[in-house]
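Peer 1: Sharing a structure with you now.
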Amino acid sequence: MKTVLPVLWLLSRPAPGSKAVTALPATAFALVTALLLTVLAGALSFFTNAPADDPSGTAGAYQNLALVALALLVMPLLTLGGSAARLSARRRDERLSTLRLLGATPALVGVLTVVESTVIAAAGILAGTVLYAAAVPAVALIPFQGKPLGMAALWLHPLVLGAAEGSLLLLAAVSAAIGLRQVVLSPLGVRTRQKAPAVHWVRIALGAGAGVVLYMVMSTLTASGSAAVMVLILVGVFAGGLALLNLVGPFLLKWTAGRSARTAATPAKLLAARTILESPKAAWRQVSGLAMTSFVAVVAGTGLAVIDGAGAGGNAPEANLFTDMRTGVLITVVESFVLVACSAGVNAAAAVLDRRDLYVSLDRLGMPRGVMEAARQRAVMAPVRFVTVGSAAFSAVLLFPLTGLALIVAPLSLAVIAGVLAGGMGLVWLGLAATKPVLGRVLAEA
């Protein structure tokens with residue numbers, strides 16, 4: 001510890017772009033924490049405030065739907081949290097690899113990484129908790145079961161709050177430690193960028209096998225006979241599907257970028273393809289939020305088609321249930337939009353800082369800033385088009401055994417899917433546009 005603290009203080013001294021390198025992960029963790037705590041509070045309110053006497057039998061339905069919403073939203077939020085721990089990764093890896101070359105032990109570098117990431121995450125989590133508390137009065141006005149949720153139902157128990165915050169801290173530490181492997185094994189290669197991070201084809205093999213398993217599980221869903229078991233299976237399949245997207249996504253981006261690099265006809269197209277190939281995992285982090293939203297869009301659209309076909313119910317509790325299901329779908333879509341907006345803006349800014357030296361070099365060689373902006377936009381928007389279609393198709397395949405094709409392609413379902421995908425792509429584009437000043441500042445400071 002006597003060595004760690006002085007080195008940490010040295011690394012935290014101001015340098016060009018250092019404030020942003022620290023602020024971006026902290027901002028991302030603040031947004032992730034606020035959204036995660038809000039989602040948890042809303043879902044748990046249907047369990048902690050369930051009526052003791054439930055003649056209508058709808059309390060169980062609300063709880064089951066809350067679990068499905070958790071599966072659709074918590075996994076993307078945790079994914080964004082893991083990505084936040086790797087924001088501006090190159091800048092950190094360069095500093096740590098320099099320490100390794102100067103004689104620092106792998107253990108010291110590992111401790112520095114975990115401590116630095118955890119401290120930054122802790123600051124973001126604290127800010128996110130404050131944002132959650134500030135949002136509770138507004139969220140409490142949302143009506144469910146014929147009345148507003150109320151603030152009392154949305155305050156998390158201290159133990160639940162601590163567990164959620166501790167999980168995010170652990171996620172930050174583990175994500176940072178996993179990303180440290182190359183620095184420890186090959187510090188000179190990292191410092192001189194001799195080898196791009198590898199993305200192995202095994203991801204596709206594992207993903208294909210997992211996809212088949214998930215499809216088979218969905219095919220046997222109704223055979224369980226128990227509503228509780230069906231919900232647990234559904235939650236597990238949705239969570240597994242979202243995790244599967246994160247597994248195969250980087251390799252698919254690498255494959256498509258490789259084809260684009262071979263056929264690029266303009267400098268912007270070539271630079272965009274090479275940007276993706278340089279780090280497919282980083283490229284995936286920039287579009288992973290939209291991949292999750294595309295998955296959720298199909299589930300939400302199909303769910304609305306099911307609700308629309310089922311009718312409003314024969315009594316007041318059942319009518320409230322169908323109304324609240326529509327409200328729940330809308331909230332899920334809005335949460336996904338917020339997730340996409342946060343992910344797009346923060347990751348786009350981090351990508352500029354990670355490639356600071358590249359942009360400065362291109363500027364000094366005479367490349368117009370417009371070409372750099374075009375390449376930066378293409379490096380994100382080209383994967384976006386591929387990811388939105390692929391993720392939506394994968395979600396439709398998983399839902400097919402449960403709902404059939406008719407509900408998936410119902411007019412209401414298609415309208416919701418198209419609207420969500422268009423909105424998500426628009427948010428990514430706006431996130432890129434909002435980070436143009438970051439590139440200008442990087443070039444001005446050079």
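For the structure tokens, the naming scheme is as follows: chains receive sequential letters (A, B, ...) according to their order of presentation, residues are indexed from 1 within each chain, and ligands are indexed from 1 in presentation order.
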If we count only C-alpha atoms and set the cut-off at 10 Å, which residues sit around range 428-436 of chain A, ignoring sequence neighbours fewer than 3 positions away in its own chain? Please answer as number ranges by chain.
Peer 2: A: 286-287, 289-290, 337, 340-352, 373, 376-377, 380-381, 384, 423-425, 439-441
Peer 1: Report as a PyMOL selection string all protein, DNA and RNA residues lying within 8 Å of Thr38 in chain A, evaluated on only C-alpha atoms, omitting residues in the same chain fewer than 2 positions from it.
Peer 2: chain A and resi 34-36+40-42+132+135-136+154
Peer 1: Can you list, as a ChimeraX atom specification, every protein, DNA or RNA residue that comes within 12 Å of Ala418 in chain A when you count only C-alpha atoms, leaving out same-chain residues fewer than 2 positions away?
Peer 2: /A:293-294,297-298,300-301,388-389,392,409,411-416,420-425
Peer 1: Pull the helix (DSSP H, G or I) assignments for range 151-180 of chain A out of DSSP run on the backbone, and list those residues as number ranges by chain.
Peer 2: A: 151-153, 158-178
Peer 1: To one decimal place, how far is CA of Thr27 in chain A from CA of Asp357 in chain A in Å?
Peer 2: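 Separation between CA of Thr27 in chain A and CA of Asp357 in chain A: 23.6 Å.
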Peer 1: Do a neighbour search on range 110-127 of chain A at 8 Å with only C-alpha atoms, toss out local chain neighbours closer than 6 positions, and write the hits as a list in words.
Peer 2: Val4, Leu8, Thr22, Pro25, Ala26, Thr27, Ala28, Phe29, Ala30, Leu31, Thr33, Ala85, Glu165, Leu168, Leu169, Leu170, Ala172, Ala173, Val174, Ala176, Ala177 and Leu180 of chain A
Peer 1: Of the candidates A:Val296, A:Leu402, A:Ala71, A:Val442, which shows the shortest atom-to-atom distance to Arg355 in chain A, using only C-alpha atoms?
Peer 2: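 The answer is A:Val442, which sits nearest to Arg355 in chain A.
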